[in-house]
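This report refers to the structure that appears directly beneath it.
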Amino acid sequence: LSIEYLLALLFRLPATFSQYKYIHLHQFTMKLSLSILALATAANAFTAPVNQPQLAALKMADEAAEPEVPLMKVAEKVPCFGATPLIGEPKFIGENYWDKITTEWGSAATGQFVQAAELKHGRSAMIATVGFAFHKLGFTLNNISPHEYLSVTQGVKFADLQAMSPIDAIHAVPPEGLAQMFAAITMVEIFELTHRGGKLAEDETVAPGLQPGGLTGDLGWNPLQIKVTDRRRLVELQNGRAAMFAISAWVANEAVSGSVPLPLPW
């Protein structure tokens, strides 16, 4: 009834009409519907049939076009140098974090950078322990140096520094002296960043120290031509680790007396 009503509005027929007109309008609607159905059937008859092999080929082409989602890649375990020789076989303390650094958070180059950082901190700690022990035992420059003053302009004498604790003595060094220390450290860092195998990397656009795995802690300085073996590398690493613990304990005990419940040689 709704279709007849719309057609009546289309042809501007009155909303209320006689039975005769209604029958003719109803016949007209049925003829129109049958004609549309016949045209749709005839159009479908001219559609080219698609056989099963063609459907299979199209399906395979669609599947090939879709990118495959890669499965989760399992990174291989990166070996670490420097296991701690405890009772029995050497144990690698912190192996869980090492695996996270080299497999989950980074790569083997990240582990190489962490090892270089540990080696450099160990070397710095060894120098610090020697300097701290020399100061506490009295092997200071006021006893072995022909010069009396550390800084003539600032009026700082070596004897004045020797009378202080190591922490107070480093605070009494003039700013010019601290600047010289940091300048020497900067030169070493720049050398490691820009050199490879002891030679300046002039043909590289990116500094070797900024490349993955570029920082190894090896400065290439070996004037005595000592053969570097794995055992010597391990000894240096273990001494550096011990020195980091030692200087931390000594500084803590110096800042807070009695904070380290161990007998010290001074």
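Scheme for the structure tokens: letters A, B, ... for chains in order shown; per-chain residue numbers from 1; ligand numbers from 1 in order shown.
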
Legend entry - Neighbour list for segment 243-251 of chain A as a ChimeraX atom specification, cut-off 12 Å, only C-alpha atoms, skip fewer than 3 positions in-chain: /A:118-133,136,165-168,236-240,254-266

Write a file of the selected residues as a compact mmCIF listing (two decimals), in the first residue's frame, keeping N, CA, C and O atoms.
```
# COMPACT_ATOMS: atom_id res chain seq x y z
N GLU A 118 82.10 -0.66 32.48
CA GLU A 118 82.56 -1.30 33.71
C GLU A 118 84.08 -1.27 33.80
O GLU A 118 84.66 -1.00 34.87
N LEU A 119 84.75 -1.54 32.68
CA LEU A 119 86.20 -1.55 32.68
C LEU A 119 86.77 -0.17 32.98
O LEU A 119 87.72 -0.02 33.76
N LYS A 120 86.18 0.88 32.39
CA LYS A 120 86.67 2.24 32.63
C LYS A 120 86.41 2.67 34.07
O LYS A 120 87.26 3.33 34.69
N HIS A 121 85.26 2.31 34.64
CA HIS A 121 84.99 2.64 36.03
C HIS A 121 85.95 1.89 36.94
O HIS A 121 86.40 2.42 37.98
N GLY A 122 86.27 0.64 36.59
CA GLY A 122 87.23 -0.11 37.39
C GLY A 122 88.60 0.51 37.36
O GLY A 122 89.29 0.59 38.40
N ARG A 123 89.05 0.96 36.20
CA ARG A 123 90.36 1.61 36.10
C ARG A 123 90.39 2.91 36.91
O ARG A 123 91.37 3.20 37.61
N SER A 124 89.32 3.69 36.83
CA SER A 124 89.25 4.93 37.62
C SER A 124 89.27 4.62 39.11
O SER A 124 89.92 5.33 39.90
N ALA A 125 88.56 3.56 39.51
CA ALA A 125 88.52 3.19 40.93
C ALA A 125 89.88 2.72 41.41
O ALA A 125 90.29 3.00 42.55
N MET A 126 90.63 2.01 40.56
CA MET A 126 91.98 1.56 40.96
C MET A 126 92.90 2.76 41.19
O MET A 126 93.69 2.78 42.15
N ILE A 127 92.83 3.76 40.30
CA ILE A 127 93.64 4.97 40.50
C ILE A 127 93.22 5.69 41.78
O ILE A 127 94.06 6.19 42.55
N ALA A 128 91.89 5.72 42.04
CA ALA A 128 91.40 6.40 43.24
C ALA A 128 91.85 5.70 44.50
O ALA A 128 92.23 6.36 45.50
N THR A 129 91.84 4.37 44.51
CA THR A 129 92.27 3.65 45.72
C THR A 129 93.76 3.87 45.99
O THR A 129 94.16 4.03 47.15
N VAL A 130 94.56 3.89 44.94
CA VAL A 130 96.00 4.12 45.13
C VAL A 130 96.23 5.53 45.69
O VAL A 130 96.99 5.73 46.65
N GLY A 131 95.55 6.53 45.10
CA GLY A 131 95.71 7.90 45.60
C GLY A 131 95.20 8.06 47.02
O GLY A 131 95.83 8.75 47.85
N PHE A 132 94.08 7.44 47.34
CA PHE A 132 93.51 7.54 48.69
C PHE A 132 94.44 6.89 49.71
O PHE A 132 94.72 7.45 50.78
N ALA A 133 94.95 5.68 49.36
CA ALA A 133 95.84 4.98 50.29
C ALA A 133 97.15 5.73 50.48
O ALA A 133 97.67 5.83 51.61
N LYS A 136 96.53 8.60 52.91
CA LYS A 136 96.32 8.18 54.30
C LYS A 136 97.61 7.65 54.92
O LYS A 136 97.84 7.80 56.13
N SER A 165 91.99 15.45 55.47
CA SER A 165 91.51 14.15 55.00
C SER A 165 91.46 14.17 53.47
O SER A 165 91.46 15.25 52.86
N PRO A 166 91.44 13.02 52.83
CA PRO A 166 91.40 13.02 51.36
C PRO A 166 90.21 13.78 50.79
O PRO A 166 90.34 14.45 49.76
N ILE A 167 89.05 13.71 51.44
CA ILE A 167 87.87 14.42 50.93
C ILE A 167 88.06 15.93 51.06
O ILE A 167 87.76 16.70 50.13
N ASP A 168 88.59 16.39 52.23
CA ASP A 168 88.83 17.82 52.41
C ASP A 168 89.94 18.31 51.49
O ASP A 168 89.92 19.46 51.02
N GLU A 236 92.48 -7.80 35.41
CA GLU A 236 92.22 -6.35 35.44
C GLU A 236 90.77 -6.07 35.79
O GLU A 236 90.47 -5.17 36.60
N LEU A 237 89.86 -6.85 35.23
CA LEU A 237 88.44 -6.63 35.50
C LEU A 237 88.10 -6.92 36.95
O LEU A 237 87.37 -6.16 37.61
N GLN A 238 88.65 -8.01 37.50
CA GLN A 238 88.37 -8.36 38.88
C GLN A 238 88.98 -7.34 39.85
O GLN A 238 88.36 -6.97 40.85
N ASN A 239 90.20 -6.88 39.56
CA ASN A 239 90.80 -5.84 40.40
C ASN A 239 90.00 -4.54 40.34
O ASN A 239 89.87 -3.82 41.35
N GLY A 240 89.48 -4.22 39.16
CA GLY A 240 88.66 -3.02 39.03
C GLY A 240 87.38 -3.13 39.83
O GLY A 240 86.95 -2.15 40.48
N GLU A 254 85.21 7.67 55.62
CA GLU A 254 85.82 8.97 55.85
C GLU A 254 84.76 10.05 56.10
O GLU A 254 84.96 10.96 56.92
N ALA A 255 83.63 9.93 55.38
CA ALA A 255 82.56 10.92 55.55
C ALA A 255 81.78 10.69 56.84
O ALA A 255 81.42 11.64 57.54
N VAL A 256 81.50 9.43 57.15
CA VAL A 256 80.77 9.07 58.37
C VAL A 256 81.65 8.08 59.13
O VAL A 256 81.73 6.90 58.76
N SER A 257 82.31 8.55 60.15
CA SER A 257 83.26 7.72 60.88
C SER A 257 82.56 6.50 61.48
O SER A 257 81.52 6.61 62.14
N GLY A 258 83.16 5.33 61.25
CA GLY A 258 82.62 4.09 61.80
C GLY A 258 81.51 3.48 60.97
O GLY A 258 80.90 2.49 61.40
N SER A 259 81.21 4.03 59.81
CA SER A 259 80.13 3.48 58.98
C SER A 259 80.52 2.15 58.35
O SER A 259 79.64 1.39 57.95
N VAL A 260 81.82 1.88 58.25
CA VAL A 260 82.30 0.60 57.71
C VAL A 260 82.89 -0.21 58.86
O VAL A 260 83.95 0.15 59.39
N PRO A 261 82.23 -1.27 59.29
CA PRO A 261 82.72 -2.03 60.46
C PRO A 261 83.86 -2.98 60.10
O PRO A 261 83.81 -4.19 60.38
N LEU A 262 84.90 -2.46 59.48
CA LEU A 262 86.07 -3.26 59.10
C LEU A 262 87.32 -2.52 59.53
O LEU A 262 87.38 -1.27 59.44
N PRO A 263 88.32 -3.22 59.98
CA PRO A 263 89.58 -2.55 60.35
C PRO A 263 90.32 -2.06 59.13
O PRO A 263 90.50 -2.77 58.14
N LEU A 264 90.74 -0.80 59.14
CA LEU A 264 91.47 -0.20 58.03
C LEU A 264 92.92 0.02 58.45
O LEU A 264 93.21 0.22 59.64
N PRO A 265 93.85 0.01 57.52
CA PRO A 265 95.28 0.10 57.88
C PRO A 265 95.71 1.47 58.32
O PRO A 265 96.91 1.69 58.54
N TRP A 266 94.82 2.42 58.47
CA TRP A 266 95.25 3.74 58.95
C TRP A 266 94.38 4.14 60.12
O TRP A 266 93.44 4.62 60.29
```

Inset, instruction - Might you pull out every residue within 8 Å of Ala109 of chain A, with only C-alpha atoms counted and same-chain residues fewer than 5 positions away left off, and present them as a ChimeraX atom specification? - result: /A:102,212-213

Just N, CA, C and O atoms for this one: save the residues we selected as an mmCIF file, in the first residue's frame.
```
data_model
loop_
_atom_site.group_PDB
_atom_site.id
_atom_site.type_symbol
_atom_site.label_atom_id
_atom_site.label_comp_id
_atom_site.auth_asym_id
_atom_site.auth_seq_id
_atom_site.Cartn_x
_atom_site.Cartn_y
_atom_site.Cartn_z
ATOM 1 N N THR A 102 71.217 -7.468 26.745
ATOM 2 C CA THR A 102 71.717 -7.874 25.429
ATOM 3 C C THR A 102 70.656 -8.489 24.522
ATOM 4 O O THR A 102 70.882 -8.607 23.315
ATOM 5 N N PRO A 212 77.801 1.470 16.990
ATOM 6 C CA PRO A 212 77.477 0.340 17.864
ATOM 7 C C PRO A 212 78.709 -0.512 18.150
ATOM 8 O O PRO A 212 79.400 -0.953 17.244
ATOM 9 N N GLY A 213 78.968 -0.719 19.418
ATOM 10 C CA GLY A 213 80.133 -1.497 19.809
ATOM 11 C C GLY A 213 81.440 -0.750 19.666
ATOM 12 O O GLY A 213 82.510 -1.366 19.722
#
```

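Of the residues listed (A:Thr153, A:Gln225, A:Thr103, A:Thr194), A:Thr194 shows the shortest atom-to-atom separation from Ala207 of chain A; distances use only C-alpha atoms.
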
Legend entry - Which of segment 66-227 of chain A fall in alpha helix (DSSP H), as number ranges by chain: A: 95-99, 108-137, 141-144, 158-162, 166-172, 175-194

Inset, instruction - Would you please work out which residue, of A:Leu161, A:Ala169, A:Ala117, A:Val152, is nearest to Leu215 of chain A when using only C-alpha atoms? - result: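 Closest to Leu215 of chain A, using only C-alpha atoms: A:Ala117.
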
Please list as a JSON list (two decimals) with N, CA, C and O atoms, in the first residue's frame every residue within 10 Å of Cys80 of chain A, counting only C-alpha atoms and excluding residues in the same chain fewer than 6 positions away.
```json
[["chain", "number", "residue", "atom", "x", "y", "z"],
["A", 92, "PHE", "N", 78.60, -16.28, 37.13],
["A", 92, "PHE", "CA", 78.36, -14.97, 36.51],
["A", 92, "PHE", "C", 77.27, -14.27, 37.31],
["A", 92, "PHE", "O", 76.09, -14.55, 37.14],
["A", 95, "GLU", "N", 73.62, -12.45, 35.84],
["A", 95, "GLU", "CA", 73.41, -12.99, 34.49],
["A", 95, "GLU", "C", 72.02, -12.65, 33.96],
["A", 95, "GLU", "O", 71.84, -12.42, 32.77],
["A", 98, "TRP", "N", 72.14, -9.22, 32.58],
["A", 98, "TRP", "CA", 72.96, -9.22, 31.37],
["A", 98, "TRP", "C", 72.13, -9.72, 30.18],
["A", 98, "TRP", "O", 72.20, -9.15, 29.08],
["A", 99, "ASP", "N", 71.35, -10.77, 30.38],
["A", 99, "ASP", "CA", 70.51, -11.29, 29.30],
["A", 99, "ASP", "C", 69.46, -10.26, 28.88],
["A", 99, "ASP", "O", 69.15, -10.12, 27.69],
["A", 102, "THR", "N", 71.22, -7.47, 26.75],
["A", 102, "THR", "CA", 71.72, -7.87, 25.43],
["A", 102, "THR", "C", 70.66, -8.49, 24.52],
["A", 102, "THR", "O", 70.88, -8.61, 23.31],
["A", 108, "ALA", "N", 74.05, -7.30, 21.25],
["A", 108, "ALA", "CA", 75.41, -7.63, 21.69],
["A", 108, "ALA", "C", 76.29, -6.38, 21.76],
["A", 108, "ALA", "O", 77.17, -6.27, 22.62],
["A", 111, "GLY", "N", 75.79, -4.80, 25.10],
["A", 111, "GLY", "CA", 76.59, -5.48, 26.12],
["A", 111, "GLY", "C", 78.05, -5.09, 26.05],
["A", 111, "GLY", "O", 78.71, -4.95, 27.09],
["A", 112, "GLN", "N", 78.56, -4.89, 24.85],
["A", 112, "GLN", "CA", 79.96, -4.48, 24.71],
["A", 112, "GLN", "C", 80.17, -3.08, 25.29],
["A", 112, "GLN", "O", 81.19, -2.81, 25.93],
["A", 115, "GLN", "N", 80.20, -3.44, 29.10],
["A", 115, "GLN", "CA", 81.48, -3.98, 29.55],
["A", 115, "GLN", "C", 82.58, -2.93, 29.51],
["A", 115, "GLN", "O", 83.42, -2.86, 30.42]]
```

Inset, instruction - Work out how far apart atom CA of Pro174 of chain A and atom CA of Phe158 of chain A are and give it in Å to one decimal. - result: 12.4 Å

Inset, instruction - In Å, rounded to a single decimal, give me how far atom CA of Leu193 of chain A is from atom CA of Pro175 of chain A. - result: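 Separation between atom CA of Pro175 of chain A and atom CA of Leu193 of chain A: 26.5 Å.
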
Inset, instruction - Enumerate as an NGL selection string all residues of segment 70-239 of chain A assigned to strand (DSSP E or B) by DSSP on the backbone, naming them with the chain letters and numbers the document uses. - result: :A and (84 or 91 or 149-151 or 156-157 or 195-196 or 199-200)
